[in-house]
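Undergrad: So I've got this file, target18.cif, and it contains mmCIF, C-alpha atoms and all ligand atoms:
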```cif
data_run
loop_
_atom_site.group_PDB
_atom_site.id
_atom_site.type_symbol
_atom_site.label_atom_id
_atom_site.label_comp_id
_atom_site.auth_asym_id
_atom_site.auth_seq_id
_atom_site.Cartn_x
_atom_site.Cartn_y
_atom_site.Cartn_z
ATOM 1 C CA MET M 1 -38.674 -12.290 8.428
ATOM 2 C CA ARG M 2 -38.437 -14.669 11.441
ATOM 3 C CA GLN M 3 -35.573 -13.973 13.764
ATOM 4 C CA SER M 4 -33.951 -16.547 15.996
ATOM 5 C CA LEU M 5 -34.200 -15.741 19.710
ATOM 6 C CA LEU M 6 -31.249 -17.935 20.549
ATOM 7 C CA PRO M 7 -27.966 -16.237 21.392
ATOM 8 C CA PRO M 8 -25.396 -16.595 18.582
ATOM 9 C CA SER M 9 -23.423 -19.276 20.446
ATOM 10 C CA ARG M 10 -26.566 -21.483 20.800
ATOM 11 C CA ARG M 11 -27.612 -20.905 17.179
ATOM 12 C CA ALA M 12 -24.304 -22.387 16.038
ATOM 13 C CA GLY M 13 -25.183 -25.631 17.751
ATOM 14 C CA LYS M 14 -24.886 -26.988 21.253
ATOM 15 C CA GLY M 15 -21.298 -27.385 22.362
ATOM 16 C CA ARG M 16 -19.934 -25.955 19.131
ATOM 17 C CA LYS M 17 -18.463 -22.495 18.687
ATOM 18 C CA ALA M 18 -19.637 -20.280 15.825
ATOM 19 C CA LEU M 19 -17.091 -20.193 13.023
ATOM 20 C CA ALA M 20 -15.278 -16.882 13.045
ATOM 21 C CA ARG M 21 -15.054 -15.174 9.688
ATOM 22 C CA PRO M 22 -11.467 -14.842 8.452
ATOM 23 C CA SER M 23 -11.843 -11.054 8.450
ATOM 24 C CA VAL M 24 -12.420 -11.207 12.230
ATOM 25 C CA LEU M 25 -9.097 -13.001 12.598
ATOM 26 C CA ALA M 26 -7.401 -10.405 10.381
ATOM 27 C CA GLU M 27 -8.885 -7.600 12.515
ATOM 28 C CA ARG M 28 -7.538 -9.289 15.642
ATOM 29 C CA ILE M 29 -4.092 -9.408 14.054
ATOM 30 C CA GLU M 30 -4.352 -5.659 13.342
ATOM 31 C CA ARG M 31 -4.628 -5.127 17.111
ATOM 32 C CA ALA M 32 -2.144 -7.839 18.197
ATOM 33 C CA HIS M 33 0.384 -5.749 20.132
ATOM 34 C CA SER M 34 2.277 -8.930 21.025
ATOM 35 C CA LEU M 35 3.666 -8.827 17.463
ATOM 36 C CA ASP M 36 5.193 -5.389 17.953
ATOM 37 C CA PRO M 37 8.696 -6.406 19.146
ATOM 38 C CA VAL M 38 9.162 -8.477 15.977
ATOM 39 C CA VAL M 39 7.571 -5.757 13.827
ATOM 40 C CA HIS M 40 9.885 -3.076 15.247
ATOM 41 C CA SER M 41 13.097 -5.012 14.970
ATOM 42 C CA LEU M 42 12.352 -6.306 11.439
ATOM 43 C CA SER M 43 11.187 -2.888 10.276
ATOM 44 C CA ASP M 44 14.353 -1.231 11.616
ATOM 45 C CA SER M 45 16.510 -3.828 9.846
ATOM 46 C CA VAL M 46 14.685 -3.321 6.531
ATOM 47 C CA VAL M 47 14.953 0.480 6.772
ATOM 48 C CA ARG M 48 18.705 0.157 7.476
ATOM 49 C CA ALA M 49 19.168 -2.268 4.576
ATOM 50 C CA LEU M 50 17.141 -0.163 2.136
ATOM 51 C CA PRO M 51 18.156 3.501 2.471
ATOM 52 C CA ALA M 52 16.287 6.052 0.344
ATOM 53 C CA GLY M 53 17.524 6.046 -3.232
ATOM 54 C CA PRO M 54 16.910 4.673 -6.726
ATOM 55 C CA ARG M 55 17.151 1.010 -5.659
ATOM 56 C CA THR M 56 14.515 1.408 -2.947
ATOM 57 C CA ASP M 57 12.345 3.504 -5.291
ATOM 58 C CA ALA M 58 12.495 0.679 -7.849
ATOM 59 C CA LEU M 59 11.448 -1.855 -5.181
ATOM 60 C CA HIS M 60 8.455 0.336 -4.298
ATOM 61 C CA GLY M 61 7.530 0.527 -8.010
ATOM 62 C CA VAL M 62 8.084 4.288 -8.502
ATOM 63 C CA PRO M 63 9.321 3.845 -12.139
ATOM 64 C CA PHE M 64 6.135 1.882 -12.956
ATOM 65 C CA GLY M 65 3.670 4.242 -11.233
ATOM 66 C CA GLN M 66 2.278 1.327 -9.180
ATOM 67 C CA PRO M 67 3.537 -0.897 -6.368
ATOM 68 C CA ALA M 68 5.656 -3.691 -7.878
ATOM 69 C CA HIS M 69 4.839 -6.306 -5.231
ATOM 70 C CA PRO M 70 1.287 -7.277 -6.370
ATOM 71 C CA ALA M 71 2.542 -8.013 -9.902
ATOM 72 C CA LEU M 72 5.540 -10.051 -8.712
ATOM 73 C CA VAL M 73 3.614 -12.342 -6.348
ATOM 74 C CA ARG M 74 1.774 -13.755 -9.352
ATOM 75 C CA LEU M 75 4.799 -15.793 -10.396
ATOM 76 C CA PRO M 76 5.115 -17.961 -7.244
ATOM 77 C CA LEU M 77 1.361 -18.242 -6.704
ATOM 78 C CA GLY M 78 0.698 -19.075 -10.364
ATOM 79 C CA CYS M 79 3.504 -21.629 -10.588
ATOM 80 C CA TRP M 80 2.590 -23.324 -7.323
ATOM 81 C CA THR M 81 -1.113 -23.527 -8.178
ATOM 82 C CA SER M 82 -0.255 -25.048 -11.572
ATOM 83 C CA ALA M 83 2.136 -27.557 -9.963
ATOM 84 C CA VAL M 84 -0.500 -28.767 -7.486
ATOM 85 C CA LEU M 85 -3.036 -29.149 -10.313
ATOM 86 C CA LEU M 86 -0.535 -31.102 -12.425
ATOM 87 C CA ASP M 87 0.039 -33.419 -9.466
ATOM 88 C CA LEU M 88 -3.495 -34.710 -10.043
ATOM 89 C CA PHE M 89 -2.362 -36.379 -13.276
ATOM 90 C CA ARG M 90 0.095 -39.152 -14.080
ATOM 91 C CA GLY M 91 3.424 -38.468 -15.790
ATOM 92 C CA THR M 92 3.628 -34.816 -14.772
ATOM 93 C CA GLU M 93 6.275 -35.126 -12.041
ATOM 94 C CA ARG M 94 8.979 -33.337 -13.990
ATOM 95 C CA ALA M 95 6.725 -30.438 -15.050
ATOM 96 C CA SER M 96 5.499 -30.050 -11.456
ATOM 97 C CA ALA M 97 9.052 -29.922 -10.134
ATOM 98 C CA VAL M 98 10.031 -27.257 -12.681
ATOM 99 C CA LEU M 99 7.025 -25.128 -11.736
ATOM 100 C CA ILE M 100 7.738 -25.478 -8.018
ATOM 101 C CA ALA M 101 11.371 -24.440 -8.543
ATOM 102 C CA ALA M 102 10.317 -21.432 -10.664
ATOM 103 C CA GLY M 103 7.850 -20.422 -7.958
ATOM 104 C CA VAL M 104 10.467 -20.677 -5.213
ATOM 105 C CA ALA M 105 12.886 -18.567 -7.324
ATOM 106 C CA GLY M 106 10.104 -15.992 -7.798
ATOM 107 C CA THR M 107 9.754 -15.500 -4.046
ATOM 108 C CA ALA M 108 13.015 -13.487 -3.902
ATOM 109 C CA PRO M 109 11.822 -10.416 -5.875
ATOM 110 C CA ALA M 110 8.336 -10.741 -4.366
ATOM 111 C CA ALA M 111 9.788 -10.713 -0.829
ATOM 112 C CA ALA M 112 12.182 -7.820 -1.552
ATOM 113 C CA THR M 113 9.416 -5.571 -2.919
ATOM 114 C CA GLY M 114 7.005 -6.634 -0.183
ATOM 115 C CA LEU M 115 9.510 -5.868 2.592
ATOM 116 C CA ALA M 116 10.296 -2.439 1.112
ATOM 117 C CA ASP M 117 6.577 -1.518 1.048
ATOM 118 C CA TRP M 118 5.938 -3.076 4.457
ATOM 119 C CA SER M 119 8.669 -1.023 6.156
ATOM 120 C CA ALA M 120 6.751 2.202 5.378
ATOM 121 C CA LEU M 121 3.325 1.231 6.710
ATOM 122 C CA HIS M 122 1.349 2.042 9.849
ATOM 123 C CA GLN M 123 1.748 -0.349 12.761
ATOM 124 C CA ASP M 124 -1.645 -2.089 12.395
ATOM 125 C CA GLN M 125 -0.845 -2.680 8.729
ATOM 126 C CA GLN M 126 2.607 -3.975 9.617
ATOM 127 C CA ARG M 127 1.149 -6.553 12.031
ATOM 128 C CA VAL M 128 -1.057 -7.997 9.290
ATOM 129 C CA GLY M 129 1.835 -7.739 6.818
ATOM 130 C CA LEU M 130 4.063 -9.700 9.188
ATOM 131 C CA VAL M 131 1.571 -12.595 9.365
ATOM 132 C CA HIS M 132 1.190 -12.441 5.570
ATOM 133 C CA ALA M 133 4.987 -12.706 5.199
ATOM 134 C CA ILE M 134 5.258 -15.570 7.715
ATOM 135 C CA CYS M 135 2.620 -17.536 5.774
ATOM 136 C CA GLN M 136 4.404 -16.977 2.462
ATOM 137 C CA ALA M 137 7.811 -17.873 3.928
ATOM 138 C CA GLY M 138 6.268 -21.032 5.388
ATOM 139 C CA ALA M 139 4.725 -21.875 2.008
ATOM 140 C CA ALA M 140 8.090 -21.431 0.253
ATOM 141 C CA THR M 141 9.692 -23.739 2.843
ATOM 142 C CA LEU M 142 7.043 -26.415 2.249
ATOM 143 C CA PHE M 143 7.557 -26.201 -1.510
ATOM 144 C CA LEU M 144 11.333 -26.514 -1.020
ATOM 145 C CA GLY M 145 10.651 -29.608 1.097
ATOM 146 C CA SER M 146 8.435 -30.906 -1.684
ATOM 147 C CA LEU M 147 11.259 -30.495 -4.190
ATOM 148 C CA ALA M 148 13.642 -32.366 -1.872
ATOM 149 C CA ALA M 149 11.133 -35.198 -1.356
ATOM 150 C CA ARG M 150 10.553 -35.551 -5.108
ATOM 151 C CA ALA M 151 14.318 -35.569 -5.756
ATOM 152 C CA GLY M 152 14.617 -38.399 -3.215
ATOM 153 C CA GLY M 153 11.950 -40.444 -5.002
ATOM 154 C CA ARG M 154 9.230 -39.810 -2.379
ATOM 155 C CA THR M 155 6.674 -38.451 -4.838
ATOM 156 C CA GLY M 156 3.676 -38.968 -2.545
ATOM 157 C CA ALA M 157 5.280 -36.942 0.240
ATOM 158 C CA GLY M 158 6.289 -34.300 -2.310
ATOM 159 C CA ARG M 159 2.693 -33.944 -3.475
ATOM 160 C CA ALA M 160 1.422 -33.678 0.087
ATOM 161 C CA LEU M 161 3.975 -30.977 0.909
ATOM 162 C CA SER M 162 3.026 -29.041 -2.250
ATOM 163 C CA ALA M 163 -0.671 -29.150 -1.381
ATOM 164 C CA SER M 164 0.103 -27.950 2.169
ATOM 165 C CA GLY M 165 2.312 -25.179 0.767
ATOM 166 C CA LEU M 166 -0.440 -23.974 -1.552
ATOM 167 C CA ALA M 167 -2.964 -23.981 1.294
ATOM 168 C CA LEU M 168 -0.633 -21.875 3.451
ATOM 169 C CA ALA M 169 0.160 -19.521 0.538
ATOM 170 C CA SER M 170 -3.593 -19.026 0.036
ATOM 171 C CA VAL M 171 -4.025 -18.082 3.707
ATOM 172 C CA GLY M 172 -1.133 -15.632 3.286
ATOM 173 C CA ALA M 173 -2.758 -14.231 0.134
ATOM 174 C CA TYR M 174 -5.956 -13.623 2.119
ATOM 175 C CA PHE M 175 -4.031 -11.494 4.629
ATOM 176 C CA GLY M 176 -2.313 -9.711 1.733
ATOM 177 C CA GLY M 177 -5.740 -8.903 0.310
ATOM 178 C CA HIS M 178 -6.898 -7.632 3.704
ATOM 179 C CA LEU M 179 -3.810 -5.431 3.877
ATOM 180 C CA ALA M 180 -4.362 -3.929 0.425
ATOM 181 C CA LEU M 181 -8.139 -3.770 0.153
ATOM 182 C CA ARG M 182 -9.299 -3.259 3.747
ATOM 183 C CA LEU M 183 -6.335 -1.370 5.205
ATOM 184 C CA GLY M 184 -5.438 0.491 2.011
ATOM 185 C CA ALA M 185 -1.744 -0.434 1.745
ATOM 186 C CA GLY M 186 -0.588 0.289 -1.805
ATOM 187 C CA THR M 187 -3.686 2.202 -2.900
ATOM 188 C CA SER M 188 -3.652 5.972 -3.478
ATOM 189 C CA HIS M 189 -4.783 7.981 -0.450
ATOM 190 C CA ALA M 190 -4.799 11.347 -2.198
ATOM 191 C CA GLU M 191 -8.155 13.043 -2.158
ATOM 192 C CA GLN M 192 -10.300 12.258 -5.181
ATOM 193 C CA VAL M 193 -9.900 15.734 -6.580
ATOM 194 C CA SER M 194 -11.981 15.195 -9.703
ATOM 195 C CA HIS M 195 -14.913 14.009 -7.556
ATOM 196 C CA LEU M 196 -14.630 16.702 -4.904
ATOM 197 C CA SER M 197 -14.169 19.863 -6.934
ATOM 198 C CA GLY M 198 -16.496 21.306 -9.562
ATOM 199 C CA LEU M 199 -15.476 22.063 -13.125
ATOM 200 C CA GLY M 200 -13.884 25.383 -14.068
ATOM 201 C CA TRP M 201 -11.867 27.921 -12.120
ATOM 202 C CA HIS M 202 -12.296 28.382 -8.359
ATOM 203 C CA ASP M 203 -11.375 31.385 -6.256
ATOM 204 C CA LEU M 204 -8.843 30.484 -3.524
ATOM 205 C CA CYS M 205 -7.356 33.520 -1.740
ATOM 206 C CA ASP M 206 -5.376 36.713 -2.189
ATOM 207 C CA LEU M 207 -1.802 36.325 -3.457
ATOM 208 C CA SER M 208 -0.609 38.738 -0.739
ATOM 209 C CA GLU M 209 -1.901 36.363 1.980
ATOM 210 C CA LEU M 210 0.639 33.704 1.083
ATOM 211 C CA PRO M 211 4.156 33.634 2.551
ATOM 212 C CA ASP M 212 6.983 33.304 0.025
ATOM 213 C CA ARG M 213 8.632 29.852 -0.276
ATOM 214 C CA ARG M 214 6.807 28.342 2.679
ATOM 215 C CA PRO M 215 4.079 25.716 2.181
ATOM 216 C CA VAL M 216 0.706 26.467 3.746
ATOM 217 C CA ARG M 217 -2.609 24.651 3.877
ATOM 218 C CA ARG M 218 -5.772 26.089 2.377
ATOM 219 C CA GLN M 219 -9.260 24.638 2.082
ATOM 220 C CA LEU M 220 -11.322 24.502 -1.094
ATOM 221 C CA GLY M 221 -14.694 23.038 -0.113
ATOM 222 C CA TYR M 222 -13.919 19.492 1.090
ATOM 223 C CA LEU M 223 -10.413 19.585 -0.361
ATOM 224 C CA SER M 224 -7.309 20.272 1.715
ATOM 225 C CA LEU M 225 -4.622 21.859 -0.413
ATOM 226 C CA LEU M 226 -0.904 22.482 -0.093
ATOM 227 C CA VAL M 227 -0.241 25.962 -1.512
ATOM 228 C CA TYR M 228 3.310 27.087 -2.277
ATOM 229 C CA ARG M 229 4.202 30.548 -3.547
ATOM 230 C CA GLN M 230 7.464 31.484 -5.276
ATOM 231 C CA GLY M 231 7.228 35.197 -6.117
ATOM 232 C CA SER M 232 4.170 35.603 -8.317
ATOM 233 C CA GLU M 233 3.995 31.869 -9.128
ATOM 234 C CA VAL M 234 1.708 29.654 -7.070
ATOM 235 C CA SER M 235 1.720 25.847 -7.083
ATOM 236 C CA VAL M 236 -1.084 23.806 -5.555
ATOM 237 C CA LEU M 237 -1.200 20.089 -4.719
ATOM 238 C CA SER M 238 -3.746 17.999 -2.874
ATOM 239 C CA ASP M 239 -2.538 18.037 0.743
ATOM 240 C CA ARG M 240 -3.159 14.339 1.585
ATOM 241 C CA CYS M 241 -0.121 12.325 0.509
ATOM 242 C CA SER M 242 -1.012 9.620 -2.006
ATOM 243 C CA HIS M 243 1.000 7.058 0.008
ATOM 244 C CA LEU M 244 -0.964 6.979 3.278
ATOM 245 C CA GLY M 245 -2.541 10.406 3.578
ATOM 246 C CA GLY M 246 0.241 12.338 5.388
ATOM 247 C CA PRO M 247 -0.130 16.158 5.616
ATOM 248 C CA LEU M 248 2.131 17.452 2.854
ATOM 249 C CA HIS M 249 1.929 21.105 3.981
ATOM 250 C CA GLN M 250 3.996 20.015 7.023
ATOM 251 C CA GLY M 251 6.680 18.536 4.751
ATOM 252 C CA ARG M 252 10.165 19.808 3.893
ATOM 253 C CA ILE M 253 10.800 21.750 0.714
ATOM 254 C CA VAL M 254 13.753 20.261 -1.174
ATOM 255 C CA VAL M 255 15.204 20.664 -4.639
ATOM 256 C CA GLU M 256 15.414 17.454 -6.711
ATOM 257 C CA ARG M 257 16.450 17.334 -10.371
ATOM 258 C CA GLY M 258 16.352 21.148 -10.420
ATOM 259 C CA ALA M 259 12.701 21.350 -9.338
ATOM 260 C CA ALA M 260 11.146 22.446 -6.041
ATOM 261 C CA CYS M 261 9.672 19.384 -4.330
ATOM 262 C CA VAL M 262 7.886 18.592 -1.097
ATOM 263 C CA ALA M 263 8.947 15.619 1.051
ATOM 264 C CA CYS M 264 6.129 14.072 3.081
ATOM 265 C CA PRO M 265 6.707 14.279 6.862
ATOM 266 C CA TRP M 266 5.527 10.695 7.420
ATOM 267 C CA HIS M 267 7.633 8.429 5.190
ATOM 268 C CA GLY M 268 9.526 10.852 2.937
ATOM 269 C CA SER M 269 7.704 10.420 -0.384
ATOM 270 C CA THR M 270 8.825 13.333 -2.529
ATOM 271 C CA PHE M 271 6.685 15.095 -5.140
ATOM 272 C CA VAL M 272 7.441 17.883 -7.636
ATOM 273 C CA ILE M 273 5.394 20.800 -6.347
ATOM 274 C CA ALA M 274 4.573 22.109 -9.822
ATOM 275 C CA ASP M 275 2.774 18.980 -11.063
ATOM 276 C CA GLY M 276 2.805 16.244 -8.365
ATOM 277 C CA THR M 277 5.237 13.892 -10.151
ATOM 278 C CA VAL M 278 6.662 11.267 -7.773
ATOM 279 C CA VAL M 279 10.426 11.692 -7.371
ATOM 280 C CA HIS M 280 10.934 9.273 -4.450
ATOM 281 C CA GLY M 281 8.689 6.615 -2.915
ATOM 282 C CA PRO M 282 7.219 4.866 -1.070
ATOM 283 C CA ALA M 283 4.365 6.669 -2.887
ATOM 284 C CA THR M 284 3.941 5.533 -6.473
ATOM 285 C CA ALA M 285 0.803 7.499 -7.449
ATOM 286 C CA ARG M 286 1.183 11.060 -8.732
ATOM 287 C CA GLN M 287 -0.065 13.675 -6.279
ATOM 288 C CA PRO M 288 -3.137 15.456 -7.734
ATOM 289 C CA SER M 289 -2.198 19.000 -8.778
ATOM 290 C CA PHE M 290 -3.961 22.173 -9.896
ATOM 291 C CA GLU M 291 -3.434 24.807 -12.549
ATOM 292 C CA THR M 292 -3.341 28.305 -11.073
ATOM 293 C CA ARG M 293 -3.671 31.890 -12.315
ATOM 294 C CA VAL M 294 -3.580 35.285 -10.626
ATOM 295 C CA THR M 295 -6.324 37.730 -11.581
ATOM 296 C CA ALA M 296 -5.787 41.477 -12.170
ATOM 297 C CA SER M 297 -7.076 42.117 -8.640
ATOM 298 C CA GLY M 298 -4.469 39.738 -7.158
ATOM 299 C CA ARG M 299 -6.796 36.803 -6.422
ATOM 300 C CA ILE M 300 -5.538 33.254 -6.989
ATOM 301 C CA GLU M 301 -7.798 30.991 -9.004
ATOM 302 C CA LEU M 302 -7.290 27.291 -9.576
ATOM 303 C CA ARG M 303 -8.717 24.275 -11.338
ATOM 304 C CA PRO M 304 -7.754 20.572 -11.284
ATOM 305 C CA ARG M 305 -5.041 19.698 -13.760
ATOM 306 C CA PRO M 306 -6.421 17.250 -16.344
HETATM 307 S S1 LIG P 401 2.086 9.216 4.047
HETATM 308 FE FE1 LIG P 401 3.768 7.937 3.671
HETATM 309 S S2 LIG P 401 5.072 9.142 2.513
HETATM 310 FE FE2 LIG P 401 3.381 10.404 2.813
#
```
Can you turn what I pasted into structure tokens?
Ligand code: FES

TA:
Amino acid sequence: MRQSLLPPSRRAGKGRKALARPSVLAERIERAHSLDPVVHSLSDSVVRALPAGPRTDALHGVPFGQPAHPALVRLPLGCWTSAVLLDLFRGTERASAVLIAAGVAGTAPAAATGLADWSALHQDQQRVGLVHAICQAGAATLFLGSLAARAGGRTGAGRALSASGLALASVGAYFGGHLALRLGAGTSHAEQVSHLSGLGWHDLCDLSELPDRRPVRRQLGYLSLLVYRQGSEVSVLSDRCSHLGGPLHQGRIVVERGAACVACPWHGSTFVIADGTVVHGPATARQPSFETRVTASGRIELRPRP
């Protein structure tokens, strides 16, 4: 294969700069410390407004077992895309206006769930999330302006504002995708237990080695495990929190709904120690857990729970 000897800037054409890929821009935003004052103050306000509890858990999507935000953003994006397409045809002004209004109304639940998730992210993720939110707020404002223009009989201006709003919403969606798919916000960070441990029972350690009612970390091959002993009963969870990978063995032991639970030291996600059920978010994915048994010689054996 022939390779160009020109430096990249020359290959792009004399006097013209090479087009940066959008992912390069997103990576710059990840490192944009100038955003931090806004990130900190907004994050503090959201945390104050959304204390831990059932309402915040619902915003994270705990009852559904998945983050609620990705599902809810479909309403505004779908309505706005449809409205802009309808604008290409005659006699569709009323239908377009209805779709725009429905999309604007749909931004409220989408923003509430997005802010709840955003407030429990790492700082690089929050910087990208902030730009994503600014784009979507700007898009909603343009669509509101479009509605006002249409109501005032300025249909051409209304169509132009809608098209601009959709373009900005698409840029925001790109940063949302970067946040979820590149930076892993909203995906499970628990170790892939079924891929990392073999089938059948595995020997772990002696029961007498474990302190009573104090979580400890043990290693099983590549897997880090939280091990918790209560008398002769031993519970084992994957140690990497499914939210963003926090070390669960450093978490607090609490009792919720009558069951011993572990609260993650990073953002407070709370899991039932016996089976990894999520009690409180921001995590929504169940923490992988293991069945255990104690042999006659006092050794603990475990296998992944199906
Ligand atoms: S890493 Fe966020 S709650 Fe565990």

Undergrad: What's around range 264-271 of chain M at 6 Å? Count all atoms listed in the file, leave out sequence neighbours fewer than 4 positions away in its own chain, and write the answer as a PyMOL selection string.

TA: chain M and resi 246+248+251+276-283

Undergrad: For the residues selected in the previous step, produce a file with C-alpha atoms as a compact mmCIF listing (two decimals), keeping the file's coordinate frame.

TA:
```
# COMPACT_ATOMS: atom_id res chain seq x y z
CA GLY M 246 0.24 12.34 5.39
CA LEU M 248 2.13 17.45 2.85
CA GLY M 251 6.68 18.54 4.75
CA GLY M 276 2.80 16.24 -8.36
CA THR M 277 5.24 13.89 -10.15
CA VAL M 278 6.66 11.27 -7.77
CA VAL M 279 10.43 11.69 -7.37
CA HIS M 280 10.93 9.27 -4.45
CA GLY M 281 8.69 6.62 -2.92
CA PRO M 282 7.22 4.87 -1.07
CA ALA M 283 4.36 6.67 -2.89
```

Undergrad: For Ala68 in chain M, work out the shell of residues within 7 Å, counting only C-alpha atoms and skipping chain neighbours fewer than 5 positions away, then give it as a PDB file with C-alpha atoms, in the frame of the given file.

TA:
```pdb
ATOM      1  CA  LEU M  59      11.448  -1.855  -5.181  1.00  0.00           C
ATOM      2  CA  HIS M  60       8.455   0.336  -4.298  1.00  0.00           C
ATOM      3  CA  GLY M  61       7.530   0.527  -8.010  1.00  0.00           C
ATOM      4  CA  THR M 113       9.416  -5.571  -2.919  1.00  0.00           C
TER       5      THR M 113
END
```

Undergrad: Here's the selection I'm unsure about, the PyMOL selection byres (((chain M and resi 43) around 9) and not hetatm); applied to the file above, which residues does it give, as an MDAnalysis selection string?

TA: chainID M and resid 38:42 44:48 115 118:120 126

Undergrad: Out of M:Arg214, M:Pro70, M:Leu199, M:Tyr222, which residue has the shortest atom-to-atom distance to Arg305 in chain M when counting all atoms listed in the file?

TA: M:Leu199

Undergrad: For ligand LIG 401 (chain P), which residue out of M:Arg299, M:Arg182, M:Arg31, M:His189 is the nearest one, using all atoms listed in the file?

TA: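 Among the listed residues, M:His189 lies closest to ligand LIG 401 (chain P).
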
Undergrad: Kindly give the distance, in Å, that separates CA of His249 in chain M and CA of Ser197 in chain M, rounded to a single decimal.

TA: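 CA of Ser197 in chain M lies at a distance of 19.5 Å from CA of His249 in chain M.
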
Undergrad: Check which residues satisfy the PyMOL selection byres (((chain M and resi 109-112) around 10) and not hetatm) in the file shown, then give them as a PyMOL selection string.

TA: chain M and resi 46+50+56+59-60+68-76+105-108+113-118+133+136-137

Undergrad: Would you mind reading off the distance between CA of Ala285 in chain M and CA of His243 in chain M, one decimal, in Å?

TA: 7.5 Å

Undergrad: With distances taken over all atoms listed in the file, which of M:Leu168, M:Leu181, M:Ala26, M:Ala101 is nearest to Arg127 in chain M?

TA: M:Ala26

Undergrad: With the PyMOL selection byres (((chain M and resi 80) around 10) and not hetatm) as the selection, what would be picked from this file? Answer as a PDB file with C-alpha atoms, in the coordinates of the input, please.

TA:
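Result written to result23.pdb:
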```pdb
ATOM      1  CA  ARG M  74       1.774 -13.755  -9.352  1.00  0.00           C
ATOM      2  CA  LEU M  75       4.799 -15.793 -10.396  1.00  0.00           C
ATOM      3  CA  PRO M  76       5.115 -17.961  -7.244  1.00  0.00           C
ATOM      4  CA  LEU M  77       1.361 -18.242  -6.704  1.00  0.00           C
ATOM      5  CA  GLY M  78       0.698 -19.075 -10.364  1.00  0.00           C
ATOM      6  CA  CYS M  79       3.504 -21.629 -10.588  1.00  0.00           C
ATOM      7  CA  THR M  81      -1.113 -23.527  -8.178  1.00  0.00           C
ATOM      8  CA  SER M  82      -0.255 -25.048 -11.572  1.00  0.00           C
ATOM      9  CA  ALA M  83       2.136 -27.557  -9.963  1.00  0.00           C
ATOM     10  CA  VAL M  84      -0.500 -28.767  -7.486  1.00  0.00           C
ATOM     11  CA  LEU M  85      -3.036 -29.149 -10.313  1.00  0.00           C
ATOM     12  CA  LEU M  86      -0.535 -31.102 -12.425  1.00  0.00           C
ATOM     13  CA  SER M  96       5.499 -30.050 -11.456  1.00  0.00           C
ATOM     14  CA  ALA M  97       9.052 -29.922 -10.134  1.00  0.00           C
ATOM     15  CA  VAL M  98      10.031 -27.257 -12.681  1.00  0.00           C
ATOM     16  CA  LEU M  99       7.025 -25.128 -11.736  1.00  0.00           C
ATOM     17  CA  ILE M 100       7.738 -25.478  -8.018  1.00  0.00           C
ATOM     18  CA  ALA M 101      11.371 -24.440  -8.543  1.00  0.00           C
ATOM     19  CA  ALA M 102      10.317 -21.432 -10.664  1.00  0.00           C
ATOM     20  CA  GLY M 103       7.850 -20.422  -7.958  1.00  0.00           C
ATOM     21  CA  VAL M 104      10.467 -20.677  -5.213  1.00  0.00           C
ATOM     22  CA  ALA M 139       4.725 -21.875   2.008  1.00  0.00           C
ATOM     23  CA  ALA M 140       8.090 -21.431   0.253  1.00  0.00           C
ATOM     24  CA  PHE M 143       7.557 -26.201  -1.510  1.00  0.00           C
ATOM     25  CA  SER M 162       3.026 -29.041  -2.250  1.00  0.00           C
ATOM     26  CA  ALA M 163      -0.671 -29.150  -1.381  1.00  0.00           C
ATOM     27  CA  GLY M 165       2.312 -25.179   0.767  1.00  0.00           C
ATOM     28  CA  LEU M 166      -0.440 -23.974  -1.552  1.00  0.00           C
ATOM     29  CA  ALA M 169       0.160 -19.521   0.538  1.00  0.00           C
TER      30      ALA M 169
END
```

Undergrad: Given 8 Å of margin on each side, can you work out the centre and size in Å (one decimal) of an axis-aligned box holding every listed atom of ligand LIG 401 (chain P), as JSON?

TA:
```
{"center_x": 3.6, "center_y": 9.2, "center_z": 3.3, "size_x": 19.0, "size_y": 18.5, "size_z": 17.5}
```
